[in-house]
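Next up, coords-v4.cif (mmCIF, C-alpha atoms):
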data_my_file
#
loop_
_atom_site.group_PDB
_atom_site.id
_atom_site.type_symbol
_atom_site.label_atom_id
_atom_site.label_comp_id
_atom_site.auth_asym_id
_atom_site.auth_seq_id
_atom_site.Cartn_x
_atom_site.Cartn_y
_atom_site.Cartn_z
ATOM 1 C CA MET A 1 31.288 9.714 9.851
ATOM 2 C CA ASN A 2 34.026 10.278 7.282
ATOM 3 C CA GLN A 3 34.816 6.681 6.304
ATOM 4 C CA THR A 4 35.244 6.362 2.527
ATOM 5 C CA LEU A 5 36.217 3.544 0.190
ATOM 6 C CA ASN A 6 39.087 3.508 -2.284
ATOM 7 C CA GLN A 7 38.707 2.683 -5.959
ATOM 8 C CA ASP A 8 40.004 -0.873 -5.614
ATOM 9 C CA GLN A 9 37.301 -1.555 -3.045
ATOM 10 C CA ASN A 10 34.611 0.007 -5.228
ATOM 11 C CA ASN A 11 35.522 -2.225 -8.162
ATOM 12 C CA ASN A 12 35.585 -5.431 -6.150
ATOM 13 C CA LEU A 13 32.401 -7.417 -6.684
ATOM 14 C CA GLU A 14 32.914 -9.793 -3.765
ATOM 15 C CA THR A 15 32.916 -9.433 -0.005
ATOM 16 C CA LYS A 16 35.351 -11.075 2.338
ATOM 17 C CA THR A 17 32.348 -12.605 4.102
ATOM 18 C CA ALA A 18 30.393 -13.878 1.089
ATOM 19 C CA GLU A 19 28.678 -16.833 2.716
ATOM 20 C CA ARG A 20 25.142 -16.821 4.067
ATOM 21 C CA PRO A 21 25.102 -16.276 7.853
ATOM 22 C CA LYS A 22 25.487 -19.471 9.880
ATOM 23 C CA GLU A 23 23.597 -18.062 12.866
ATOM 24 C CA GLY A 24 21.296 -15.220 13.844
ATOM 25 C CA ILE A 25 18.293 -13.431 12.395
ATOM 26 C CA GLY A 26 19.447 -13.827 8.787
ATOM 27 C CA LEU A 27 18.655 -17.544 8.994
ATOM 28 C CA LEU A 28 14.946 -16.684 9.074
ATOM 29 C CA ILE A 29 14.947 -15.837 5.349
ATOM 30 C CA GLY A 30 13.182 -18.667 3.521
ATOM 31 C CA LYS A 31 11.621 -20.236 6.623
ATOM 32 C CA ASN A 32 7.884 -20.883 6.829
ATOM 33 C CA VAL A 33 5.509 -19.311 9.332
ATOM 34 C CA THR A 34 5.313 -22.441 11.482
ATOM 35 C CA ASP A 35 9.083 -22.464 11.963
ATOM 36 C CA LEU A 36 9.102 -18.697 12.516
ATOM 37 C CA LYS A 37 6.559 -18.971 15.324
ATOM 38 C CA LYS A 38 8.385 -21.919 16.877
ATOM 39 C CA GLU A 39 11.481 -19.734 17.076
ATOM 40 C CA LEU A 40 9.991 -16.351 18.001
ATOM 41 C CA GLY A 41 6.457 -17.062 19.169
ATOM 42 C CA GLU A 42 3.334 -15.218 18.081
ATOM 43 C CA PRO A 43 3.890 -11.641 16.864
ATOM 44 C CA GLN A 44 2.399 -8.760 18.832
ATOM 45 C CA ARG A 45 0.614 -7.646 15.662
ATOM 46 C CA ILE A 46 0.651 -8.085 11.874
ATOM 47 C CA ASP A 47 0.951 -5.007 9.618
ATOM 48 C CA GLU A 48 0.178 -4.805 5.910
ATOM 49 C CA THR A 49 2.679 -3.500 3.351
ATOM 50 C CA GLN A 50 2.416 -2.451 -0.296
ATOM 51 C CA TYR A 51 4.949 -5.084 -1.352
ATOM 52 C CA GLY A 52 2.827 -8.210 -0.998
ATOM 53 C CA TYR A 53 4.200 -9.369 2.334
ATOM 54 C CA GLN A 54 2.984 -8.723 5.880
ATOM 55 C CA TRP A 55 5.184 -7.478 8.693
ATOM 56 C CA TYR A 56 5.084 -9.717 11.774
ATOM 57 C CA ILE A 57 5.921 -7.237 14.537
ATOM 58 C CA TYR A 58 7.829 -8.289 17.664
ATOM 59 C CA ASN A 59 7.894 -5.219 19.917
ATOM 60 C CA LEU A 60 7.472 -6.392 23.524
ATOM 61 C CA ASP A 61 11.136 -5.708 24.274
ATOM 62 C CA TYR A 62 12.739 -2.647 22.656
ATOM 63 C CA SER A 63 16.167 -4.288 22.898
ATOM 64 C CA ARG A 64 14.854 -7.135 20.696
ATOM 65 C CA TYR A 65 12.621 -5.112 18.340
ATOM 66 C CA LEU A 66 12.119 -7.052 15.117
ATOM 67 C CA GLN A 67 9.930 -6.962 11.990
ATOM 68 C CA VAL A 68 9.656 -10.137 9.913
ATOM 69 C CA GLY A 69 8.180 -9.928 6.407
ATOM 70 C CA VAL A 70 6.057 -12.961 5.462
ATOM 71 C CA GLN A 71 4.691 -13.595 1.969
ATOM 72 C CA GLU A 72 2.818 -16.756 0.981
ATOM 73 C CA ASP A 73 3.851 -18.485 4.219
ATOM 74 C CA GLN A 74 7.558 -17.708 3.710
ATOM 75 C CA VAL A 75 9.904 -15.186 5.321
ATOM 76 C CA VAL A 76 11.171 -12.859 2.581
ATOM 77 C CA THR A 77 12.695 -10.013 4.609
ATOM 78 C CA VAL A 78 13.679 -9.159 8.193
ATOM 79 C CA TYR A 79 14.235 -5.739 9.753
ATOM 80 C CA ALA A 80 16.326 -6.006 12.929
ATOM 81 C CA LEU A 81 16.683 -2.937 15.161
ATOM 82 C CA GLY A 82 16.931 -4.249 18.731
ATOM 83 C CA ASP A 83 20.503 -4.061 20.021
ATOM 84 C CA GLN A 84 20.262 -7.470 21.733
ATOM 85 C CA LEU A 85 19.395 -9.326 18.519
ATOM 86 C CA ASN A 86 21.897 -11.633 16.839
ATOM 87 C CA VAL A 87 22.388 -10.101 13.382
ATOM 88 C CA SER A 88 25.511 -12.133 12.561
ATOM 89 C CA PRO A 89 27.923 -11.482 10.945
ATOM 90 C CA PHE A 90 27.234 -7.952 12.228
ATOM 91 C CA LYS A 91 26.342 -6.458 15.586
ATOM 92 C CA ILE A 92 23.941 -3.588 16.274
ATOM 93 C CA GLY A 93 26.015 -0.686 17.584
ATOM 94 C CA GLN A 94 29.153 -1.953 15.846
ATOM 95 C CA PRO A 95 31.519 0.825 14.688
ATOM 96 C CA VAL A 96 31.344 1.230 10.942
ATOM 97 C CA GLU A 97 35.154 1.079 10.719
ATOM 98 C CA GLU A 98 34.996 -2.540 11.862
ATOM 99 C CA ILE A 99 32.493 -3.363 9.136
ATOM 100 C CA PHE A 100 34.560 -1.710 6.411
ATOM 101 C CA ASN A 101 37.661 -3.483 7.654
ATOM 102 C CA THR A 102 35.859 -6.824 7.442
ATOM 103 C CA LEU A 103 33.921 -6.403 4.223
ATOM 104 C CA VAL A 104 34.594 -4.884 0.836
ATOM 105 C CA ILE A 105 31.589 -2.769 -0.128
ATOM 106 C CA ASN A 106 30.935 -2.485 -3.841
ATOM 107 C CA MET A 107 29.163 0.464 -5.463
ATOM 108 C CA ASN A 108 27.458 -1.872 -7.951
ATOM 109 C CA LEU A 109 25.629 -5.097 -7.130
ATOM 110 C CA GLU A 110 24.256 -7.260 -9.929
ATOM 111 C CA ILE A 111 21.522 -9.885 -9.554
ATOM 112 C CA GLU A 112 20.416 -12.523 -12.057
ATOM 113 C CA TRP A 113 16.839 -13.522 -11.301
ATOM 114 C CA HIS A 114 14.405 -15.530 -13.441
ATOM 115 C CA GLY A 115 16.178 -14.671 -16.677
ATOM 116 C CA SER A 116 16.461 -10.940 -15.991
ATOM 117 C CA THR A 117 19.464 -8.908 -14.858
ATOM 118 C CA TYR A 118 19.276 -6.165 -12.246
ATOM 119 C CA ARG A 119 22.135 -3.878 -11.246
ATOM 120 C CA PHE A 120 21.852 -1.661 -8.196
ATOM 121 C CA GLU A 121 24.126 1.379 -8.359
ATOM 122 C CA LEU A 122 24.989 2.948 -5.002
ATOM 123 C CA ASN A 123 26.213 6.524 -4.720
ATOM 124 C CA ASP A 124 28.846 7.637 -2.209
ATOM 125 C CA MET A 125 26.228 8.417 0.444
ATOM 126 C CA ASP A 126 24.606 4.995 -0.002
ATOM 127 C CA VAL A 127 27.931 3.234 0.411
ATOM 128 C CA ASN A 128 28.794 5.097 3.594
ATOM 129 C CA ILE A 129 25.360 5.239 5.273
ATOM 130 C CA ARG A 130 23.307 2.333 3.875
ATOM 131 C CA PRO A 131 25.561 -0.106 2.033
ATOM 132 C CA LEU A 132 24.129 -3.177 0.303
ATOM 133 C CA LEU A 133 25.804 -6.588 0.513
ATOM 134 C CA ARG A 134 25.286 -10.086 -0.857
ATOM 135 C CA LEU A 135 25.756 -12.893 1.678
ATOM 136 C CA GLY A 136 25.311 -16.178 -0.115
ATOM 137 C CA ASP A 137 21.813 -16.210 -1.606
ATOM 138 C CA ILE A 138 20.447 -13.341 0.515
ATOM 139 C CA PHE A 139 21.031 -9.598 0.603
ATOM 140 C CA VAL A 140 21.683 -7.232 3.482
ATOM 141 C CA GLN A 141 21.132 -3.506 3.885
ATOM 142 C CA LEU A 142 23.199 -1.994 6.686
ATOM 143 C CA ASN A 143 21.795 1.231 8.113
ATOM 144 C CA ILE A 144 24.438 3.371 9.785
ATOM 145 C CA ASP A 145 23.913 6.274 12.182
ATOM 146 C CA LYS A 146 26.210 8.826 10.577
ATOM 147 C CA PHE A 147 26.338 10.960 13.738
ATOM 148 C CA THR A 148 27.740 8.138 15.889
ATOM 149 C CA GLY A 149 29.384 6.053 13.149
ATOM 150 C CA ASN A 150 27.680 2.923 14.506
ATOM 151 C CA LEU A 151 25.428 0.299 12.939
ATOM 152 C CA LEU A 152 21.810 1.274 13.654
ATOM 153 C CA SER A 153 19.906 -1.624 12.085
ATOM 154 C CA VAL A 154 20.120 -4.476 9.597
ATOM 155 C CA ARG A 155 17.639 -5.483 6.903
ATOM 156 C CA PHE A 156 17.902 -8.959 5.333
ATOM 157 C CA LEU A 157 16.034 -9.591 2.044
ATOM 158 C CA ASN A 158 15.650 -12.242 -0.612
ATOM 159 C CA ALA A 159 16.339 -11.271 -4.225
ATOM 160 C CA GLU A 160 12.726 -10.739 -5.307
ATOM 161 C CA THR A 161 11.897 -8.437 -2.391
ATOM 162 C CA LEU A 162 15.018 -6.342 -2.941
ATOM 163 C CA ILE A 163 14.259 -5.971 -6.657
ATOM 164 C CA GLU A 164 10.622 -5.075 -5.992
ATOM 165 C CA GLN A 165 11.453 -2.416 -3.390
ATOM 166 C CA ARG A 166 14.272 -0.825 -5.430
ATOM 167 C CA PRO A 167 15.874 1.109 -2.525
ATOM 168 C CA TYR A 168 18.783 2.210 -4.756
ATOM 169 C CA GLU A 169 19.253 3.352 -8.348
ATOM 170 C CA LEU A 170 18.389 0.362 -10.554
ATOM 171 C CA ILE A 171 19.390 -0.548 -14.088
ATOM 172 C CA TYR A 172 17.789 -3.698 -15.456
ATOM 173 C CA ARG A 173 17.526 -5.904 -18.519
ATOM 174 C CA GLY A 174 14.410 -8.032 -18.769
ATOM 175 C CA GLU A 175 11.290 -7.786 -16.612
ATOM 176 C CA LEU A 176 10.837 -5.118 -13.936
ATOM 177 C CA ILE A 177 9.047 -6.411 -10.846
ATOM 178 C CA GLU A 178 6.312 -3.973 -9.867
ATOM 179 C CA PRO A 179 4.206 -4.237 -6.699
ATOM 180 C CA ALA A 180 0.459 -4.358 -7.306
ATOM 181 C CA GLU A 181 -1.345 -1.068 -6.665
ATOM 182 C CA PRO A 182 -3.190 -1.399 -3.335
ATOM 183 C CA SER A 183 -6.923 -0.812 -3.108
ATOM 184 C CA GLU A 184 -8.125 2.183 -1.095
ATOM 185 C CA ALA A 185 -9.006 -0.093 1.837
ATOM 186 C CA LEU A 186 -5.619 -1.816 1.732
ATOM 187 C CA TRP A 187 -3.845 1.555 1.515
ATOM 188 C CA ARG A 188 -5.422 2.561 4.815
ATOM 189 C CA LEU A 189 -4.215 -0.648 6.483
ATOM 190 C CA ILE A 190 -0.717 -0.040 5.070
ATOM 191 C CA GLU A 191 -0.768 3.536 6.368
ATOM 192 C CA GLU A 192 -1.868 2.402 9.823
ATOM 193 C CA GLY A 193 0.943 -0.156 9.899
ATOM 194 C CA ASN A 194 3.517 2.466 8.941
ATOM 195 C CA GLU A 195 2.184 4.799 11.631
ATOM 196 C CA ARG A 196 2.558 2.159 14.338
ATOM 197 C CA GLU A 197 6.004 1.119 13.120
ATOM 198 C CA ILE A 198 7.259 4.716 13.068
ATOM 199 C CA PHE A 199 5.989 5.139 16.628
ATOM 200 C CA ASP A 200 7.639 1.906 17.805
ATOM 201 C CA ILE A 201 10.948 2.560 16.063
ATOM 202 C CA THR A 202 11.092 6.127 17.358
ATOM 203 C CA ASN A 203 10.791 4.805 20.901
ATOM 204 C CA VAL A 204 13.381 2.068 20.353
ATOM 205 C CA ILE A 205 15.846 4.726 19.237
ATOM 206 C CA ARG A 206 14.957 7.122 22.070
ATOM 207 C CA VAL A 207 15.423 4.425 24.706
ATOM 208 C CA ARG A 208 18.770 3.501 23.132
ATOM 209 C CA HIS A 209 19.779 7.141 23.638
ATOM 210 C CA LYS A 210 18.669 7.026 27.309
ATOM 211 C CA LEU A 211 15.541 9.133 26.684
ATOM 212 C CA ASN A 212 11.983 8.511 27.816
ATOM 213 C CA PRO A 213 9.754 6.656 25.343
ATOM 214 C CA LEU A 214 6.938 8.797 23.980
ATOM 215 C CA ILE A 215 3.230 8.210 24.604
ATOM 216 C CA TRP A 216 0.830 7.932 21.668
ATOM 217 C CA ASP A 217 -1.521 10.919 21.442
ATOM 218 C CA GLU A 218 -4.539 10.330 19.214
ATOM 219 C CA GLN A 219 -5.483 14.009 18.782
ATOM 220 C CA THR A 220 -1.963 14.819 17.659
ATOM 221 C CA ALA A 221 -1.971 11.775 15.364
ATOM 222 C CA GLN A 222 -5.093 13.116 13.648
ATOM 223 C CA VAL A 223 -3.296 16.422 13.059
ATOM 224 C CA ALA A 224 -0.340 14.526 11.572
ATOM 225 C CA SER A 225 -2.625 12.425 9.343
ATOM 226 C CA GLY A 226 -4.357 15.543 8.080
ATOM 227 C CA HIS A 227 -1.051 17.137 7.158
ATOM 228 C CA SER A 228 0.183 14.060 5.286
ATOM 229 C CA MET A 229 -3.074 13.929 3.300
ATOM 230 C CA ASP A 230 -2.881 17.670 2.631
ATOM 231 C CA MET A 231 0.689 17.359 1.302
ATOM 232 C CA TYR A 232 -0.421 14.510 -0.988
ATOM 233 C CA GLU A 233 -3.475 16.333 -2.301
ATOM 234 C CA SER A 234 -1.761 19.713 -2.741
ATOM 235 C CA GLU A 235 1.516 18.198 -3.988
ATOM 236 C CA ASP A 236 3.192 20.690 -1.650
ATOM 237 C CA PHE A 237 5.844 19.100 0.550
ATOM 238 C CA SER A 238 6.112 21.669 3.333
ATOM 239 C CA HIS A 239 5.648 22.282 7.047
ATOM 240 C CA ILE A 240 3.351 25.186 6.142
ATOM 241 C CA SER A 241 0.013 24.332 4.551
ATOM 242 C CA SER A 242 -1.626 26.907 2.307
ATOM 243 C CA LYS A 243 -4.986 25.722 3.711
ATOM 244 C CA TYR A 244 -4.266 24.876 7.328
ATOM 245 C CA GLY A 245 -1.182 26.890 8.230
ATOM 246 C CA SER A 246 1.731 26.001 10.494
ATOM 247 C CA LEU A 247 1.990 23.188 13.028
ATOM 248 C CA SER A 248 0.866 25.528 15.808
ATOM 249 C CA ASP A 249 -2.160 26.561 13.705
ATOM 250 C CA ARG A 250 -3.105 22.948 13.106
ATOM 251 C CA LEU A 251 -2.650 21.898 16.737
ATOM 252 C CA GLU A 252 -4.704 24.858 17.912
ATOM 253 C CA ALA A 253 -7.501 24.039 15.462
ATOM 254 C CA ALA A 254 -7.573 20.488 16.857
ATOM 255 C CA GLN A 255 -7.625 21.856 20.434
ATOM 256 C CA VAL A 256 -4.358 20.117 21.336
ATOM 257 C CA THR A 257 -2.814 21.732 24.412
ATOM 258 C CA TYR A 258 0.971 21.638 24.721
ATOM 259 C CA LYS A 259 4.034 23.438 26.019
ATOM 260 C CA ALA A 260 6.314 22.645 23.087
ATOM 261 C CA ALA A 261 5.862 20.983 19.710
ATOM 262 C CA GLY A 262 7.914 19.767 16.775
ATOM 263 C CA GLU A 263 7.309 18.169 13.393
ATOM 264 C CA ASN A 264 9.130 15.829 11.020
ATOM 265 C CA ILE A 265 7.879 15.232 7.480
ATOM 266 C CA ALA A 266 9.073 12.923 4.703
ATOM 267 C CA ALA A 267 7.941 11.551 1.353
ATOM 268 C CA ASN A 268 8.617 8.644 -0.991
ATOM 269 C CA TYR A 269 10.482 6.348 1.398
ATOM 270 C CA THR A 270 10.168 2.568 1.102
ATOM 271 C CA ASP A 271 8.376 2.159 4.437
ATOM 272 C CA GLY A 272 8.221 3.245 8.089
ATOM 273 C CA PRO A 273 11.635 1.908 9.138
ATOM 274 C CA ALA A 274 13.348 3.665 6.221
ATOM 275 C CA VAL A 275 11.606 6.938 7.085
ATOM 276 C CA VAL A 276 12.776 6.978 10.705
ATOM 277 C CA GLU A 277 16.328 6.118 9.683
ATOM 278 C CA GLY A 278 16.267 8.990 7.205
ATOM 279 C CA TRP A 279 15.113 11.385 9.913
ATOM 280 C CA LEU A 280 17.756 10.143 12.345
ATOM 281 C CA ASN A 281 20.503 10.915 9.819
ATOM 282 C CA SER A 282 19.297 14.503 9.277
ATOM 283 C CA LYS A 283 20.345 17.007 11.959
ATOM 284 C CA GLY A 284 17.098 18.964 12.342
ATOM 285 C CA HIS A 285 14.868 15.889 12.221
ATOM 286 C CA ARG A 286 17.178 14.064 14.625
ATOM 287 C CA ASP A 287 16.934 16.930 17.107
ATOM 288 C CA SER A 288 13.149 16.552 17.180
ATOM 289 C CA LEU A 289 13.259 12.776 17.395
ATOM 290 C CA LEU A 290 15.717 12.881 20.312
ATOM 291 C CA ASN A 291 14.321 15.960 22.087
ATOM 292 C CA GLU A 292 14.177 15.085 25.795
ATOM 293 C CA GLU A 293 11.360 17.560 26.482
ATOM 294 C CA PHE A 294 8.781 15.864 24.271
ATOM 295 C CA THR A 295 6.390 13.495 26.036
ATOM 296 C CA HIS A 296 3.838 12.494 23.377
ATOM 297 C CA LEU A 297 3.843 11.628 19.680
ATOM 298 C CA GLY A 298 1.267 11.401 16.921
ATOM 299 C CA VAL A 299 2.118 9.882 13.537
ATOM 300 C CA GLY A 300 0.105 10.264 10.345
ATOM 301 C CA VAL A 301 0.773 8.569 6.995
ATOM 302 C CA TYR A 302 -1.041 9.045 3.704
ATOM 303 C CA GLN A 303 0.272 6.787 0.939
ATOM 304 C CA LYS A 304 3.968 7.777 0.835
ATOM 305 C CA TYR A 305 3.717 11.032 2.781
ATOM 306 C CA TYR A 306 4.771 10.823 6.423
ATOM 307 C CA THR A 307 4.317 13.225 9.357
ATOM 308 C CA GLN A 308 5.516 13.001 12.956
ATOM 309 C CA ASN A 309 4.083 15.550 15.414
ATOM 310 C CA PHE A 310 5.805 15.718 18.791
ATOM 311 C CA ILE A 311 4.400 17.583 21.788
ATOM 312 C CA GLN A 312 5.244 18.253 25.388
ATOM 313 C CA LYS A 313 1.999 17.985 27.337
ATOM 314 C CA THR A 314 1.135 20.934 29.543
ATOM 315 C CA ASP A 315 0.513 18.668 32.551
ATOM 316 C CA GLN A 316 3.942 17.035 32.383
#

Can you present the structure in this file as structure tokens?
Amino acid sequence: MNQTLNQDQNNNLETKTAERPKEGIGLLIGKNVTDLKKELGEPQRIDETQYGYQWYIYNLDYSRYLQVGVQEDQVVTVYALGDQLNVSPFKIGQPVEEIFNTLVINMNLEIEWHGSTYRFELNDMDVNIRPLLRLGDIFVQLNIDKFTGNLLSVRFLNAETLIEQRPYELIYRGELIEPAEPSEALWRLIEEGNEREIFDITNVIRVRHKLNPLIWDEQTAQVASGHSMDMYESEDFSHISSKYGSLSDRLEAAQVTYKAAGENIAANYTDGPAVVEGWLNSKGHRDSLLNEEFTHLGVGVYQKYYTQNFIQKTDQ
């Protein structure tokens, strides 16, 4: 995707569609849990995060896959991936050229919040692959599949959540909002949530590309978890462990039988959704994620280290 923005666009602080959405998923921001459940029903599960909110996961229908972040009984963020969701004023699968023709994307976005000033500075890659917009009193991250040039997902956030997550370069004056450090027990719940979300999102994307969804494999997930922990403890971000060897070594040690295998690793992403989107926009990782031969998947997360282990079962 070669779409770029000219200097006049970069210097423009406003968008042509500056109002808060009048319909769609973006309207959930600010609603309470009672209203959320009236609209969407009970979530299939609730995952913990390190940012103070919980993800309410709606995953029964891949075409309507949705994560709603709830903090203190209020919706503070929404991650919309399903291609049948109303993400007005956008549309999942929309060509990026349409978005850039409709909106002016600025490389700097400034927020005044509780007496402090925060300025997010986007680089060229951010602008073209994950631009940030202000729509009224909420903010929107657009995640673009650079290989197809289409809108992959949309993330709506309130100001506090955006500032706390800091997904872009941030310059600030005043108080920096820092998430509380999770306890060891809470970290494990956060890691489990990220593992499940990465699994779900991987399958949503595979089905969108007309591929079979993968089956969770617990043995393989344990191998992935061990590698993420090993990378954290050794501070060695690599597919090859100095202690446990290559992926094939680790699968063999765990007595996992397979015909073919692949591995994706990542570190220091905001959360599970951001990790999968990063992999999808990287050629080698994308090839593993969309490999039609793989049948099973195990995901392991340790703090902010992430591992996906794909296998093709020998009995398939």

*What is the atom CA of Ile105 of chain A to atom CA of Leu133 of chain A distance in Å?*
7.0 Å

*Target residues per the PyMOL selection byres ((chain A and resi 217) around 7), formatted as a PyMOL selection string*: chain A and resi 215-216+218-221+296-298

*Near segment 256-264 of chain A, counting only C-alpha atoms, which residues have an atom at most 8 Å away, once you skip same-chain residues fewer than 5 positions from it, shown as a list of chain:residue names?*
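Returned residues: A:Gln219, A:Thr220, A:His239, A:Leu247, A:Ser248, A:Leu251, A:Trp279, A:His285, A:Ser288, A:Glu293, A:Phe294, A:Thr307, A:Gln308, A:Asn309, A:Phe310, A:Ile311, A:Gln312, A:Lys313, A:Thr314.
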
For the residues in that selection, give me C-alpha atoms as a PDB file, keeping the file's coordinate frame.
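Saved as part_39.pdb:
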ATOM      1  CA  GLN A 219      -5.483  14.009  18.782  1.00  0.00           C
ATOM      2  CA  THR A 220      -1.963  14.819  17.659  1.00  0.00           C
ATOM      3  CA  HIS A 239       5.648  22.282   7.047  1.00  0.00           C
ATOM      4  CA  LEU A 247       1.990  23.188  13.028  1.00  0.00           C
ATOM      5  CA  SER A 248       0.866  25.528  15.808  1.00  0.00           C
ATOM      6  CA  LEU A 251      -2.650  21.898  16.737  1.00  0.00           C
ATOM      7  CA  TRP A 279      15.113  11.385   9.913  1.00  0.00           C
ATOM      8  CA  HIS A 285      14.868  15.889  12.221  1.00  0.00           C
ATOM      9  CA  SER A 288      13.149  16.552  17.180  1.00  0.00           C
ATOM     10  CA  GLU A 293      11.360  17.560  26.482  1.00  0.00           C
ATOM     11  CA  PHE A 294       8.781  15.864  24.271  1.00  0.00           C
ATOM     12  CA  THR A 307       4.317  13.225   9.357  1.00  0.00           C
ATOM     13  CA  GLN A 308       5.516  13.001  12.956  1.00  0.00           C
ATOM     14  CA  ASN A 309       4.083  15.550  15.414  1.00  0.00           C
ATOM     15  CA  PHE A 310       5.805  15.718  18.791  1.00  0.00           C
ATOM     16  CA  ILE A 311       4.400  17.583  21.788  1.00  0.00           C
ATOM     17  CA  GLN A 312       5.244  18.253  25.388  1.00  0.00           C
ATOM     18  CA  LYS A 313       1.999  17.985  27.337  1.00  0.00           C
ATOM     19  CA  THR A 314       1.135  20.934  29.543  1.00  0.00           C
TER      20      THR A 314
END

*Rounded to one decimal in Å, what is the spacing between atom CA of Arg188 of chain A and atom CA of Tyr62 of chain A?*
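Between these atoms lies a distance of 26.0 Å.
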
*Using all atoms listed in the file, which residues sit within 8 Å of Gly193 of chain A once same-chain residues fewer than 4 positions away are excluded, as a PyMOL selection string?*
chain A and resi 47-49+189+197

Put a box with edges along x, y and z around all the listed atoms of segment 179-183 of chain A, pad it by 8 Å on each side, then give me its centre and sizes in Å, one decimal, as lines of an AutoDock Vina configuration file.
center_x = -1.4
center_y = -2.6
center_z = -5.2
size_x = 27.1
size_y = 19.5
size_z = 20.2

*For the file shown, what are the residues hit by the PyMOL selection byres ((chain A and resi 273) around 12), laid out as number ranges by chain?*
A: 49, 55, 65-67, 78-81, 143, 152-155, 193-202, 204-205, 269-272, 274-280, 306

*Would you kindly return, as an MDAnalysis selection string, each protein, DNA or RNA residue with an atom no farther than 6 Å from any atom of Ser228 of chain A, considering all atoms listed in the file and excluding same-chain residues fewer than 3 positions away?*
chainID A and resid 225 231 301:302 305:307

Please write the residues picked by the PyMOL selection byres ((chain A and resi 72) around 12) on this file as a PDB file with C-alpha atoms, in the frame of the given file.
ATOM      1  CA  GLY A  30      13.182 -18.667   3.521  1.00  0.00           C
ATOM      2  CA  LYS A  31      11.621 -20.236   6.623  1.00  0.00           C
ATOM      3  CA  ASN A  32       7.884 -20.883   6.829  1.00  0.00           C
ATOM      4  CA  VAL A  33       5.509 -19.311   9.332  1.00  0.00           C
ATOM      5  CA  GLY A  52       2.827  -8.210  -0.998  1.00  0.00           C
ATOM      6  CA  TYR A  53       4.200  -9.369   2.334  1.00  0.00           C
ATOM      7  CA  GLN A  54       2.984  -8.723   5.880  1.00  0.00           C
ATOM      8  CA  GLY A  69       8.180  -9.928   6.407  1.00  0.00           C
ATOM      9  CA  VAL A  70       6.057 -12.961   5.462  1.00  0.00           C
ATOM     10  CA  GLN A  71       4.691 -13.595   1.969  1.00  0.00           C
ATOM     11  CA  ASP A  73       3.851 -18.485   4.219  1.00  0.00           C
ATOM     12  CA  GLN A  74       7.558 -17.708   3.710  1.00  0.00           C
ATOM     13  CA  VAL A  75       9.904 -15.186   5.321  1.00  0.00           C
ATOM     14  CA  VAL A  76      11.171 -12.859   2.581  1.00  0.00           C
TER      15      VAL A  76
END
